[in-house]
Structures are given as C-alpha cells and as structure tokens.
$ cat target_38.txt   # compact mmCIF, C-alpha atoms
# COMPACT_ATOMS: atom_id res chain seq x y z
CA MET P 14 -3.26 -40.94 14.83
CA ARG P 15 -4.04 -43.92 17.08
CA GLY P 16 -0.40 -44.40 17.98
CA LEU P 17 0.07 -40.78 19.13
CA ASN P 18 -0.40 -39.45 22.61
CA GLN P 19 -2.70 -36.44 23.14
CA ASN P 20 0.05 -33.77 22.75
CA ASN P 21 1.54 -35.35 19.62
CA ALA P 22 -1.93 -35.74 18.09
CA ARG P 23 -2.68 -32.04 18.77
CA ASP P 24 0.64 -31.04 17.14
CA ALA P 25 -0.07 -33.24 14.10
CA LEU P 26 -3.54 -31.74 13.64
CA ASN P 27 -2.17 -28.19 14.02
CA THR P 28 0.36 -28.93 11.30
CA VAL P 29 -2.32 -29.89 8.77
CA SER P 30 -5.02 -27.46 9.96
CA GLY P 31 -4.43 -24.86 7.24
CA GLU P 32 -4.78 -22.08 9.80
CA ILE P 33 -1.97 -20.11 8.15
CA HIS P 34 -4.11 -19.53 5.05
CA ALA P 35 -6.73 -17.47 6.89
CA SER P 36 -4.02 -15.71 8.89
CA ILE P 37 -2.14 -14.72 5.72
CA VAL P 38 -5.30 -13.24 4.22
CA THR P 39 -5.73 -11.16 7.37
CA ALA P 40 -2.15 -9.88 7.15
CA LEU P 41 -2.43 -9.05 3.43
CA VAL P 42 -5.63 -7.09 4.00
CA GLU P 43 -4.00 -5.19 6.88
CA ASP P 44 -0.94 -4.37 4.76
CA ALA P 45 -2.99 -3.22 1.73
CA TYR P 46 -3.34 0.21 3.35
CA GLN P 47 0.28 0.94 2.36
CA ALA P 48 -0.62 1.12 -1.34
CA ARG P 49 -3.83 3.08 -0.68
CA GLU P 50 -2.02 5.62 1.48
CA THR P 51 0.74 6.07 -1.10
CA VAL P 52 -1.72 6.86 -3.89
CA ALA P 53 -3.81 9.11 -1.63
CA GLU P 54 -0.68 11.00 -0.54
CA ARG P 55 0.36 11.57 -4.15
CA LEU P 56 -3.12 12.75 -5.14
CA ALA P 57 -3.24 15.11 -2.17
CA SER P 58 0.17 16.61 -2.95
CA ALA P 59 -0.44 16.97 -6.70
CA ASP P 60 -2.65 20.06 -6.30
CA CYS P 61 -0.12 21.96 -4.16
CA GLU P 62 -2.77 23.14 -1.73
CA GLY P 63 -0.96 22.47 1.52
CA ALA P 64 -1.58 18.73 1.54
CA PHE P 65 2.02 17.78 0.76
CA SER P 66 3.51 15.53 3.38
CA SER P 67 7.27 15.43 3.47
CA GLY P 68 7.17 11.89 4.87
CA SER P 69 8.61 9.12 2.77
CA MET P 70 7.33 10.29 -0.65
CA GLN P 71 9.84 11.98 -2.90
CA THR P 72 8.99 13.91 -6.09
CA ALA P 73 11.14 15.15 -8.94
CA THR P 74 10.67 16.92 -12.25
CA LEU P 75 12.78 17.40 -15.34
CA LYS P 76 12.34 21.19 -15.15
CA SER P 77 14.07 23.05 -12.34
CA ASP P 78 12.27 26.40 -12.39
CA ALA P 79 9.51 25.62 -9.86
CA PRO P 80 9.28 28.22 -7.05
CA ASP P 81 8.34 25.53 -4.50
CA PRO P 82 10.47 22.36 -4.71
CA HIS P 83 7.51 20.22 -3.56
CA CYS P 84 4.85 21.69 -5.86
CA TYR P 85 4.79 20.62 -9.49
CA ARG P 86 1.17 21.21 -10.47
CA ASP P 87 1.97 22.43 -13.97
CA ARG P 88 4.39 19.73 -15.15
CA ALA P 89 5.10 16.01 -15.32
CA VAL P 90 6.28 14.54 -12.04
CA LEU P 91 8.19 11.40 -11.15
CA TRP P 92 7.70 10.12 -7.60
CA HIS P 93 8.55 7.19 -5.38
CA ARG P 94 7.87 5.94 -1.89
CA ALA P 95 9.37 3.12 0.17
CA TYR P 96 7.39 1.55 3.01
CA GLY P 97 7.50 -1.19 5.57
CA SER P 98 5.52 -2.53 8.48
CA LEU P 99 5.71 -4.98 11.35
CA GLY P 100 2.53 -6.57 12.62
CA ARG P 101 1.28 -9.04 15.17
CA ASN P 102 -2.13 -10.65 15.26
CA PHE P 103 -2.70 -11.98 18.76
CA GLY P 104 -4.26 -15.39 19.16
CA ASN P 105 -6.42 -17.08 21.75
CA GLU P 106 -7.26 -20.69 22.66
CA ASN P 107 -8.62 -21.21 19.13
CA VAL P 108 -6.14 -19.32 16.92
CA ALA P 109 -2.36 -18.96 17.15
CA THR P 110 -0.50 -15.64 17.26
CA MET P 111 1.06 -14.53 13.98
CA ASN P 112 3.92 -12.11 13.31
CA HIS P 113 4.18 -10.56 9.84
CA THR P 114 6.47 -8.07 8.12
CA THR P 115 6.13 -6.22 4.84
CA ALA P 116 8.57 -4.07 2.87
CA GLY P 117 8.04 -2.53 -0.54
CA PHE P 118 8.18 0.45 -2.84
CA MET P 119 6.05 2.28 -5.38
CA ILE P 120 7.23 4.43 -8.27
CA GLY P 121 5.06 6.51 -10.53
CA ALA P 122 4.71 9.39 -12.91
CA ASP P 123 1.86 11.76 -13.58
CA ALA P 124 1.28 14.85 -15.68
CA PRO P 125 -1.37 17.53 -15.98
CA ILE P 126 -3.98 17.33 -18.71
CA PHE P 127 -6.27 20.28 -19.29
CA GLU P 128 -6.37 22.60 -16.27
CA THR P 129 -7.76 20.48 -13.45
CA ALA P 130 -6.93 16.84 -14.21
CA ARG P 131 -3.89 14.57 -14.18
CA ILE P 132 -3.01 11.32 -15.89
CA GLY P 133 -0.51 8.88 -14.43
CA ALA P 134 0.81 5.39 -13.90
CA LEU P 135 2.49 3.55 -11.06
CA PHE P 136 4.32 0.31 -10.37
CA GLY P 137 4.65 -1.29 -6.96
CA TYR P 138 6.42 -4.28 -5.44
CA SER P 139 6.34 -5.67 -1.91
CA ASN P 140 7.52 -8.73 -0.05
CA SER P 141 5.84 -10.09 3.07
CA SER P 142 6.71 -12.84 5.52
CA PHE P 143 4.40 -14.61 7.99
CA HIS P 144 5.22 -16.72 11.02
CA ILE P 145 2.63 -18.54 13.10
CA LEU P 146 3.73 -18.92 16.71
CA ASN P 147 2.57 -21.27 19.49
CA GLY P 148 4.18 -24.40 18.04
CA ARG P 149 2.24 -24.44 14.76
CA ALA P 150 5.46 -24.61 12.67
CA SER P 151 3.79 -22.61 9.88
CA SER P 152 5.34 -19.79 7.90
CA GLY P 153 5.08 -18.24 4.46
CA LEU P 154 6.32 -15.61 2.05
CA ALA P 155 4.38 -13.50 -0.44
CA SER P 156 5.78 -11.29 -3.18
CA LYS P 157 3.33 -8.90 -4.79
CA CYS P 158 3.63 -6.51 -7.69
CA GLY P 159 1.10 -4.35 -9.43
CA ILE P 160 0.64 -1.78 -12.14
CA SER P 161 -2.02 0.92 -12.13
CA PHE P 162 -3.09 3.68 -14.48
CA ARG P 163 -5.09 6.70 -13.40
CA HIS P 164 -6.71 9.74 -14.93
CA GLY P 165 -9.14 12.30 -13.71
CA PRO P 166 -9.43 15.26 -11.36
CA GLY P 167 -7.01 15.77 -8.53
CA LEU P 168 -7.79 16.15 -4.84
CA ARG P 169 -8.85 19.54 -3.54
CA GLY P 170 -9.49 20.12 0.14
CA GLY P 171 -9.24 16.38 0.92
CA ARG P 172 -11.83 15.28 -1.66
CA ILE P 173 -11.77 14.56 -5.35
CA SER P 174 -12.42 17.82 -7.13
CA ASP P 175 -15.36 18.35 -9.43
CA PRO P 176 -14.68 18.71 -13.15
CA PRO P 177 -14.70 22.28 -14.43
CA PRO P 178 -17.99 23.66 -15.81
CA PRO P 179 -18.34 23.56 -19.58
CA ASP P 180 -17.56 26.77 -21.50
CA ASP P 181 -20.55 28.90 -22.37
CA LEU P 182 -21.44 28.68 -26.06

$ encode --input "target_38.txt" --output "structure tokens"
Amino acid sequence: MRGLNQNNARDALNTVSGEIHASIVTALVEDAYQARETVAERLASADCEGAFSSGSMQTATLKSDAPDPHCYRDRAVLWHRAYGSLGRNFGNENVATMNHTTAGFMIGADAPIFETARIGALFGYSNSSFHILNGRASSGLASKCGISFRHGPGLRGGRISDPPPPDDL
C-alpha cells in the first residue's frame, strides 16, 4: 500500500472491502417477496371467492368440466408462475450503488382434502445477478432452488380460514 497514490490505494481497499456481501444480502431479501407473493396468490385463488388474479399465474386441471376455467376448488390443480425483477440500491459516500436482476419460476400442485383444506407442494428456481457500480469492480451470481410442502385451510376473505367446527355427537 505504501507504493500507491491516494486514488490507487482507495481502489485497492474497495476491491477487498467485501461490500458486495452485505449488498447481495439486501438484494436477496428484497427479491424474496416474489416467492411469498406467488404462494399467497395461489392460496387466494384456491377458494374461488373472487381473489383470482389473472396476472402471471396459470392453473390447469386434468378434468375439463369446471364451469369457471379459473376456479378448481373441488379438484387437484397444477399451477405455475414465472417472475422477474430489476432493482437498484442507491449508494452514498459510504456505500456504492448496486444493480440487481432476478428471474425465476415456481411450479406446484395442490388438491382438496376434506371440505375446507388443501394439501400441496411446490418447486421453485431463480437466478440473480448483482453488479456494484462506482468503480468497485464487484459482481456476483446466485442460483436458488427450493421445495415446499403445505397443508391446511385455504384463504377466505384475505385471511386464513378457520377449521370447520367438529360434528355434534
């Protein structure tokens, strides 16, 4: 470091600062909403009570006799959703600006059990890239995949529905 001028020393310290690690965590937390929103959208549309959003989620069933092509409350359903995002975290004199992109998909299946509950599984994959600007020469890639299983009541009126009362003996 002694042989470097002030600008070269600053560049060398920025290169080894590790700043990208904290910035990547920020981007991954920001992008986690994609998975949450996908699951919430599927739960909301499973009860067929007007919560179906015809955005990027697609549903299908093996039976073709449903009166509403978006409502499959009484049968097994296959679904998928693709998503993507572009983000920028602005910097200041202490932290560099970072651009990040994410693209991914989720696929799943669920089926009714009893009269008010569903059981299901999903698989998701996404790929993210990160680029630190302002001369930091830092970048990274992250590939993520996950599997989830779910059972329980569906959503009714925007909240998780209560289980049915027990039968009178």

$ closest_residue --input "target_38.txt" --among "P:Gln47, P:Asn102, P:Ser139, P:Ser151" --to "Ile33 (chain P)" --atoms "all atoms listed in the file"
P:Ser151

$ closest_residue --input "target_38.txt" --among "P:Arg86, P:Asp44, P:Arg94, P:Ser36" --to "Ala57 (chain P)" --atoms "all atoms listed in the file"
P:Arg86

$ axis_aligned_box --input "target_38.txt" --around "region 113-121 of chain P" --padding-each-side "6 Å" --output "lines of an AutoDock Vina configuration file"
center_x = 6.4
center_y = -2.0
center_z = -0.3
size_x = 16.4
size_y = 29.1
size_z = 32.4

$ atom_distance --input "target_38.txt" --atom1 "CA of Lys157 (chain P)" --atom2 "CA of Asn112 (chain P)"
18.4 Å

$ closest_residue --input "target_38.txt" --among "P:Ala95, P:Val38, P:Ala59, P:Ala150" --to "Asp24 (chain P)" --atoms "only C-alpha atoms"
P:Ala150

$ residues_around --input "target_38.txt" --residues "Ala124 (chain P)" --least-positions-apart "4" --cutoff "10 Å" --atoms "only C-alpha atoms" --output "NGL selection string"
:P and (59 or 85-91 or 130-134 or 164)

$ atom_distance --input "target_38.txt" --atom1 "CA of Asn20 (chain P)" --atom2 "CA of Val108 (chain P)"
16.8 Å

$ closest_residue --input "target_38.txt" --among "P:Ile37, P:Met119, P:Ala53, P:Asn107" --to "Gly153 (chain P)" --atoms "all atoms listed in the file"
P:Ile37

$ atom_distance --input "target_38.txt" --atom1 "CA of Val52 (chain P)" --atom2 "CA of Met111 (chain P)"
28.0 Å

$ closest_residue --input "target_38.txt" --among "P:Leu99, P:Ala73, P:Ala109, P:Ile160" --to "Ala35 (chain P)" --atoms "all atoms listed in the file"
P:Ala109

$ closest_residue --input "target_38.txt" --among "P:Gly117, P:Phe136, P:Ser141, P:Arg149" --to "Phe162 (chain P)" --atoms "only C-alpha atoms"
P:Phe136
